[in-house]
$ cat data-v4.txt   # compact mmCIF, N, CA and C atoms
# COMPACT_ATOMS: atom_id res chain seq x y z
N MET A 178 0.83 -1.18 0.00
CA MET A 178 0.00 0.00 0.00
C MET A 178 0.88 1.25 0.00
N GLU A 179 2.00 1.20 0.75
CA GLU A 179 2.87 2.39 0.83
C GLU A 179 3.45 2.76 -0.53
N GLU A 180 3.53 1.79 -1.42
CA GLU A 180 4.11 2.05 -2.74
C GLU A 180 3.13 2.76 -3.67
N ARG A 181 1.85 2.78 -3.32
CA ARG A 181 0.84 3.37 -4.21
C ARG A 181 0.13 4.57 -3.63
N PHE A 182 0.08 4.65 -2.30
CA PHE A 182 -0.73 5.70 -1.67
C PHE A 182 0.03 6.41 -0.56
N ASN A 183 -0.32 7.68 -0.39
CA ASN A 183 0.09 8.44 0.79
C ASN A 183 -1.07 8.41 1.78
N ILE A 184 -0.75 8.22 3.04
CA ILE A 184 -1.78 8.27 4.07
C ILE A 184 -1.91 9.73 4.50
N GLU A 185 -3.07 10.31 4.23
CA GLU A 185 -3.31 11.71 4.55
C GLU A 185 -3.94 11.89 5.93
N ASP A 186 -4.77 10.91 6.33
CA ASP A 186 -5.43 11.03 7.63
C ASP A 186 -5.86 9.65 8.09
N VAL A 187 -5.82 9.44 9.39
CA VAL A 187 -6.25 8.19 9.99
C VAL A 187 -7.14 8.54 11.18
N HIS A 188 -8.29 7.87 11.28
CA HIS A 188 -9.19 8.14 12.40
C HIS A 188 -9.78 6.83 12.91
N ASN A 189 -9.78 6.67 14.23
CA ASN A 189 -10.39 5.51 14.87
C ASN A 189 -11.75 5.94 15.41
N PHE A 190 -12.81 5.34 14.90
CA PHE A 190 -14.17 5.68 15.30
C PHE A 190 -14.70 4.77 16.42
N GLY A 191 -13.85 3.95 17.02
CA GLY A 191 -14.31 2.98 17.99
C GLY A 191 -15.12 3.56 19.13
N GLU A 192 -14.61 4.62 19.76
CA GLU A 192 -15.33 5.23 20.88
C GLU A 192 -16.68 5.79 20.42
N ASP A 193 -16.69 6.40 19.26
CA ASP A 193 -17.94 6.94 18.72
C ASP A 193 -18.91 5.82 18.35
N TYR A 194 -18.38 4.70 17.86
CA TYR A 194 -19.26 3.62 17.43
C TYR A 194 -19.92 2.95 18.61
N ASP A 195 -19.23 2.89 19.75
CA ASP A 195 -19.85 2.40 20.99
C ASP A 195 -21.09 3.23 21.30
N LYS A 196 -20.95 4.54 21.25
CA LYS A 196 -22.09 5.44 21.53
C LYS A 196 -23.20 5.25 20.50
N THR A 197 -22.83 5.08 19.25
CA THR A 197 -23.82 4.87 18.19
C THR A 197 -24.62 3.59 18.44
N LEU A 198 -23.92 2.51 18.76
CA LEU A 198 -24.60 1.24 19.02
C LEU A 198 -25.53 1.35 20.23
N MET A 199 -25.12 2.08 21.26
CA MET A 199 -25.97 2.25 22.44
C MET A 199 -27.21 3.07 22.10
N CYS A 200 -27.07 4.06 21.23
CA CYS A 200 -28.25 4.83 20.77
C CYS A 200 -29.18 3.93 19.97
N TRP A 201 -28.63 3.11 19.09
CA TRP A 201 -29.46 2.18 18.32
C TRP A 201 -30.20 1.23 19.25
N PHE A 202 -29.51 0.74 20.29
CA PHE A 202 -30.16 -0.16 21.24
C PHE A 202 -31.29 0.55 21.98
N SER A 203 -31.03 1.77 22.41
CA SER A 203 -32.06 2.54 23.11
C SER A 203 -33.28 2.75 22.21
N ASN A 204 -33.06 3.11 20.96
CA ASN A 204 -34.17 3.28 20.01
C ASN A 204 -34.92 1.97 19.79
N PHE A 205 -34.17 0.89 19.67
CA PHE A 205 -34.78 -0.43 19.48
C PHE A 205 -35.65 -0.80 20.67
N GLN A 206 -35.11 -0.61 21.87
CA GLN A 206 -35.88 -0.94 23.08
C GLN A 206 -37.14 -0.10 23.21
N HIS A 207 -37.00 1.20 22.95
CA HIS A 207 -38.17 2.08 23.07
C HIS A 207 -39.23 1.80 22.00
N SER A 208 -38.83 1.25 20.87
CA SER A 208 -39.76 0.96 19.78
C SER A 208 -40.32 -0.46 19.83
N TRP A 209 -39.76 -1.29 20.69
CA TRP A 209 -40.12 -2.70 20.67
C TRP A 209 -41.62 -2.94 20.82
N ASN A 210 -42.27 -2.25 21.74
CA ASN A 210 -43.71 -2.48 21.93
C ASN A 210 -44.52 -2.20 20.67
N GLN A 211 -44.06 -1.27 19.85
CA GLN A 211 -44.77 -0.93 18.62
C GLN A 211 -44.54 -1.96 17.51
N ILE A 212 -43.39 -2.62 17.52
CA ILE A 212 -43.04 -3.51 16.40
C ILE A 212 -43.03 -4.99 16.77
N LYS A 213 -43.20 -5.32 18.05
CA LYS A 213 -43.02 -6.71 18.46
C LYS A 213 -44.02 -7.68 17.84
N GLY A 214 -45.14 -7.18 17.35
CA GLY A 214 -46.08 -8.05 16.66
C GLY A 214 -45.53 -8.64 15.37
N ASP A 215 -44.52 -7.97 14.80
CA ASP A 215 -43.92 -8.42 13.54
C ASP A 215 -42.69 -9.30 13.74
N TYR A 216 -42.22 -9.42 14.99
CA TYR A 216 -40.96 -10.13 15.25
C TYR A 216 -41.11 -11.05 16.46
N SER A 217 -40.29 -12.06 16.50
CA SER A 217 -40.33 -13.02 17.61
C SER A 217 -39.47 -12.53 18.78
N GLU A 218 -39.69 -13.16 19.93
CA GLU A 218 -38.85 -12.86 21.10
C GLU A 218 -37.41 -13.28 20.83
N ASP A 219 -37.21 -14.33 20.03
CA ASP A 219 -35.85 -14.73 19.65
C ASP A 219 -35.15 -13.61 18.89
N PHE A 220 -35.89 -12.98 17.97
CA PHE A 220 -35.32 -11.85 17.23
C PHE A 220 -34.92 -10.74 18.19
N TYR A 221 -35.80 -10.42 19.15
CA TYR A 221 -35.51 -9.37 20.13
C TYR A 221 -34.24 -9.70 20.90
N ARG A 222 -34.12 -10.92 21.41
CA ARG A 222 -32.94 -11.31 22.19
C ARG A 222 -31.68 -11.29 21.32
N MET A 223 -31.80 -11.76 20.08
CA MET A 223 -30.65 -11.79 19.18
C MET A 223 -30.15 -10.36 18.89
N TRP A 224 -31.09 -9.47 18.57
CA TRP A 224 -30.72 -8.10 18.22
C TRP A 224 -30.16 -7.38 19.44
N LYS A 225 -30.76 -7.57 20.62
CA LYS A 225 -30.26 -6.99 21.86
C LYS A 225 -28.83 -7.48 22.14
N TYR A 226 -28.63 -8.78 22.02
CA TYR A 226 -27.30 -9.36 22.23
C TYR A 226 -26.29 -8.76 21.26
N TYR A 227 -26.65 -8.69 20.00
CA TYR A 227 -25.75 -8.16 18.97
C TYR A 227 -25.35 -6.71 19.28
N LEU A 228 -26.33 -5.85 19.50
CA LEU A 228 -26.03 -4.43 19.73
C LEU A 228 -25.20 -4.23 20.99
N LEU A 229 -25.57 -4.88 22.08
CA LEU A 229 -24.86 -4.68 23.34
C LEU A 229 -23.48 -5.33 23.34
N SER A 230 -23.35 -6.50 22.72
CA SER A 230 -22.03 -7.13 22.69
C SER A 230 -21.07 -6.36 21.78
N CYS A 231 -21.57 -5.84 20.67
CA CYS A 231 -20.72 -5.01 19.81
C CYS A 231 -20.31 -3.73 20.52
N ALA A 232 -21.25 -3.08 21.20
CA ALA A 232 -20.92 -1.86 21.94
C ALA A 232 -19.87 -2.16 23.00
N GLY A 233 -20.01 -3.26 23.72
CA GLY A 233 -19.03 -3.63 24.73
C GLY A 233 -17.66 -3.91 24.13
N ALA A 234 -17.63 -4.55 22.98
CA ALA A 234 -16.36 -4.85 22.32
C ALA A 234 -15.66 -3.57 21.86
N PHE A 235 -16.43 -2.60 21.36
CA PHE A 235 -15.82 -1.32 21.00
C PHE A 235 -15.35 -0.57 22.25
N ARG A 236 -16.15 -0.61 23.31
CA ARG A 236 -15.80 0.09 24.54
C ARG A 236 -14.51 -0.48 25.15
N SER A 237 -14.36 -1.81 25.10
CA SER A 237 -13.17 -2.44 25.68
C SER A 237 -11.99 -2.44 24.71
N ARG A 238 -12.21 -1.91 23.53
CA ARG A 238 -11.19 -1.81 22.49
C ARG A 238 -10.78 -3.17 21.92
N ASP A 239 -11.69 -4.15 22.03
CA ASP A 239 -11.47 -5.43 21.36
C ASP A 239 -11.84 -5.34 19.89
N LEU A 240 -12.68 -4.36 19.53
CA LEU A 240 -13.03 -4.06 18.14
C LEU A 240 -12.66 -2.61 17.85
N SER A 241 -12.29 -2.35 16.62
CA SER A 241 -11.98 -0.99 16.18
C SER A 241 -12.62 -0.74 14.83
N LEU A 242 -12.86 0.50 14.54
CA LEU A 242 -13.37 0.90 13.23
C LEU A 242 -12.49 2.06 12.77
N TRP A 243 -11.68 1.80 11.77
CA TRP A 243 -10.72 2.79 11.28
C TRP A 243 -11.17 3.36 9.94
N GLN A 244 -10.86 4.63 9.74
CA GLN A 244 -11.05 5.28 8.44
C GLN A 244 -9.71 5.84 8.02
N LEU A 245 -9.31 5.51 6.81
CA LEU A 245 -8.07 6.03 6.23
C LEU A 245 -8.42 6.93 5.07
N ALA A 246 -7.78 8.08 5.01
CA ALA A 246 -7.89 8.96 3.84
C ALA A 246 -6.58 8.85 3.08
N LEU A 247 -6.65 8.39 1.84
CA LEU A 247 -5.46 8.13 1.03
C LEU A 247 -5.49 8.95 -0.24
N THR A 248 -4.30 9.29 -0.73
CA THR A 248 -4.17 9.88 -2.06
C THR A 248 -3.12 9.07 -2.82
N LYS A 249 -3.28 9.01 -4.14
CA LYS A 249 -2.29 8.31 -4.95
C LYS A 249 -0.96 9.06 -4.89
N ILE A 250 0.11 8.30 -4.87
CA ILE A 250 1.44 8.90 -4.89
C ILE A 250 1.57 9.71 -6.17
N GLY A 251 2.15 10.88 -6.07
CA GLY A 251 2.32 11.75 -7.21
C GLY A 251 1.25 12.81 -7.33
N ARG A 252 0.15 12.63 -6.66
CA ARG A 252 -0.92 13.64 -6.65
C ARG A 252 -0.64 14.64 -5.55
N ARG A 253 -1.11 15.86 -5.77
CA ARG A 253 -0.97 16.88 -4.73
C ARG A 253 -1.78 16.53 -3.50
N ARG A 254 -1.24 16.91 -2.36
CA ARG A 254 -1.98 16.74 -1.12
C ARG A 254 -3.12 17.75 -1.12
N PRO A 255 -4.34 17.33 -0.80
CA PRO A 255 -5.46 18.28 -0.75
C PRO A 255 -5.26 19.30 0.37
N LEU A 256 -5.87 20.47 0.21
CA LEU A 256 -5.76 21.49 1.25
C LEU A 256 -6.36 20.99 2.56
N THR A 257 -7.45 20.26 2.45
CA THR A 257 -8.06 19.64 3.63
C THR A 257 -8.46 18.23 3.24
N VAL A 258 -8.57 17.39 4.22
CA VAL A 258 -8.99 16.02 3.95
C VAL A 258 -10.40 16.01 3.38
N ARG A 259 -11.25 16.94 3.82
CA ARG A 259 -12.63 16.99 3.33
C ARG A 259 -12.69 17.28 1.83
N SER A 260 -11.67 17.94 1.28
CA SER A 260 -11.70 18.25 -0.15
C SER A 260 -11.30 17.07 -1.01
N MET A 261 -10.99 15.96 -0.41
CA MET A 261 -10.60 14.77 -1.16
C MET A 261 -11.83 14.23 -1.84

$ encode --input "data-v4.txt" --output "C-alpha cells"
Amino acid sequence: MEERFNIEDVHNFGEDYDKTLMCWFSNFQHSWNQIKGDYSEDFYRMWKYYLLSCAGAFRSRDLSLWQLALTKIGRRRPLTVRSM
C-alpha cells in the first residue's frame, strides 16, 4: 500500500461507534412495543445481544473501526482532507 498511496489522515471511530450502538439499542428498546407483533422474542434477544455485545467490544477496544484517507502517490496533497 505504501508504494501506491500516501496516508493523509487516519481516524479511529471505535469510541464513537460504541455510543452509536448504544443509541441504536435505546431506540430499538423504546420501539419494541410498537413492532413486536412483527418479530419473535428470539429476534428481540438476538438483536439486543448483537447491539450490546458489539458496543461492549468497541468500549473495551477489542473491536476498532478505522477510516483512512489516502491519495495516490504523485498527486498533490489536498488542502483539507474533506476536499478529497

$ residues_around --input "data-v4.txt" --residues "region 182-186 of chain A" --least-positions-apart "4" --cutoff "7 Å" --atoms "all atoms listed in the file" --output "MDAnalysis selection string"
chainID A and resid 178 244:251 258

$ axis_aligned_box --input "data-v4.txt" --around "region 244-256 of chain A" --padding-each-side "5 Å" --output "JSON"
{"center_x": -4.4, "center_y": 13.1, "center_z": 1.2, "size_x": 23.4, "size_y": 26.9, "size_z": 27.1}

$ atom_distance --input "data-v4.txt" --atom1 "atom N of Ala234 (chain A)" --atom2 "atom N of His188 (chain A)"
19.5 Å

$ closest_residue --input "data-v4.txt" --among "A:Trp209, A:Asn204, A:Arg181, A:Glu192" --to "Leu228 (chain A)" --atoms "only C-alpha atoms"
A:Asn204

$ atom_distance --input "data-v4.txt" --atom1 "CA of Ser237 (chain A)" --atom2 "atom N of Cys200 (chain A)"
16.0 Å

$ atom_distance --input "data-v4.txt" --atom1 "CA of Leu229 (chain A)" --atom2 "atom C of Ser203 (chain A)"
11.3 Å

$ select_by_dssp --input "data-v4.txt" --residues "chain A" --states "strand (DSSP E or B)" --output "ChimeraX atom specification"
/A:182-189,243-249

$ residues_around --input "data-v4.txt" --residues "Lys196 (chain A)" --least-positions-apart "5" --cutoff "6.5 Å" --atoms "only N, CA and C atoms" --output "number ranges by chain"
A: 191, 201, 232

$ select_by_dssp --input "data-v4.txt" --residues "region 195-257 of chain A" --states "helix (DSSP H, G or I)" --output "PyMOL selection string"
chain A and resi 195-215+218-236

$ closest_residue --input "data-v4.txt" --among "A:Phe202, A:Asp195, A:Ile212, A:Arg252" --to "Trp224 (chain A)" --atoms "only N, CA and C atoms"
A:Phe202

$ residues_near_point --input "data-v4.txt" --point "(-12.0, 2.4, 14.4)" --cutoff "6 Å" --atoms "only C-alpha atoms" --output "list in words"
Asn189, Phe190, Gly191, Ser241, Leu242 and Trp243 of chain A

$ residues_around --input "data-v4.txt" --residues "Gly233 (chain A)" --least-positions-apart "6" --cutoff "8 Å" --atoms "all atoms listed in the file" --output "PDB file with N, CA and C atoms, in the frame of the given file"
ATOM      1  N   ASP A 195     -19.230   2.890  19.750  1.00  0.00           N
ATOM      2  CA  ASP A 195     -19.850   2.400  20.990  1.00  0.00           C
ATOM      3  C   ASP A 195     -21.090   3.230  21.300  1.00  0.00           C
ATOM      4  N   LEU A 198     -23.920   2.510  18.760  1.00  0.00           N
ATOM      5  CA  LEU A 198     -24.600   1.240  19.020  1.00  0.00           C
ATOM      6  C   LEU A 198     -25.530   1.350  20.230  1.00  0.00           C
ATOM      7  N   MET A 199     -25.120   2.080  21.260  1.00  0.00           N
ATOM      8  CA  MET A 199     -25.970   2.250  22.440  1.00  0.00           C
ATOM      9  C   MET A 199     -27.210   3.070  22.100  1.00  0.00           C
ATOM     10  N   TYR A 227     -26.650  -8.690  20.000  1.00  0.00           N
ATOM     11  CA  TYR A 227     -25.750  -8.160  18.970  1.00  0.00           C
ATOM     12  C   TYR A 227     -25.350  -6.710  19.280  1.00  0.00           C
ATOM     13  N   ASP A 239     -11.690  -4.150  22.030  1.00  0.00           N
ATOM     14  CA  ASP A 239     -11.470  -5.430  21.360  1.00  0.00           C
ATOM     15  C   ASP A 239     -11.840  -5.340  19.890  1.00  0.00           C
ATOM     16  N   LEU A 240     -12.680  -4.360  19.530  1.00  0.00           N
ATOM     17  CA  LEU A 240     -13.030  -4.060  18.140  1.00  0.00           C
ATOM     18  C   LEU A 240     -12.660  -2.610  17.850  1.00  0.00           C
TER      19      LEU A 240
END
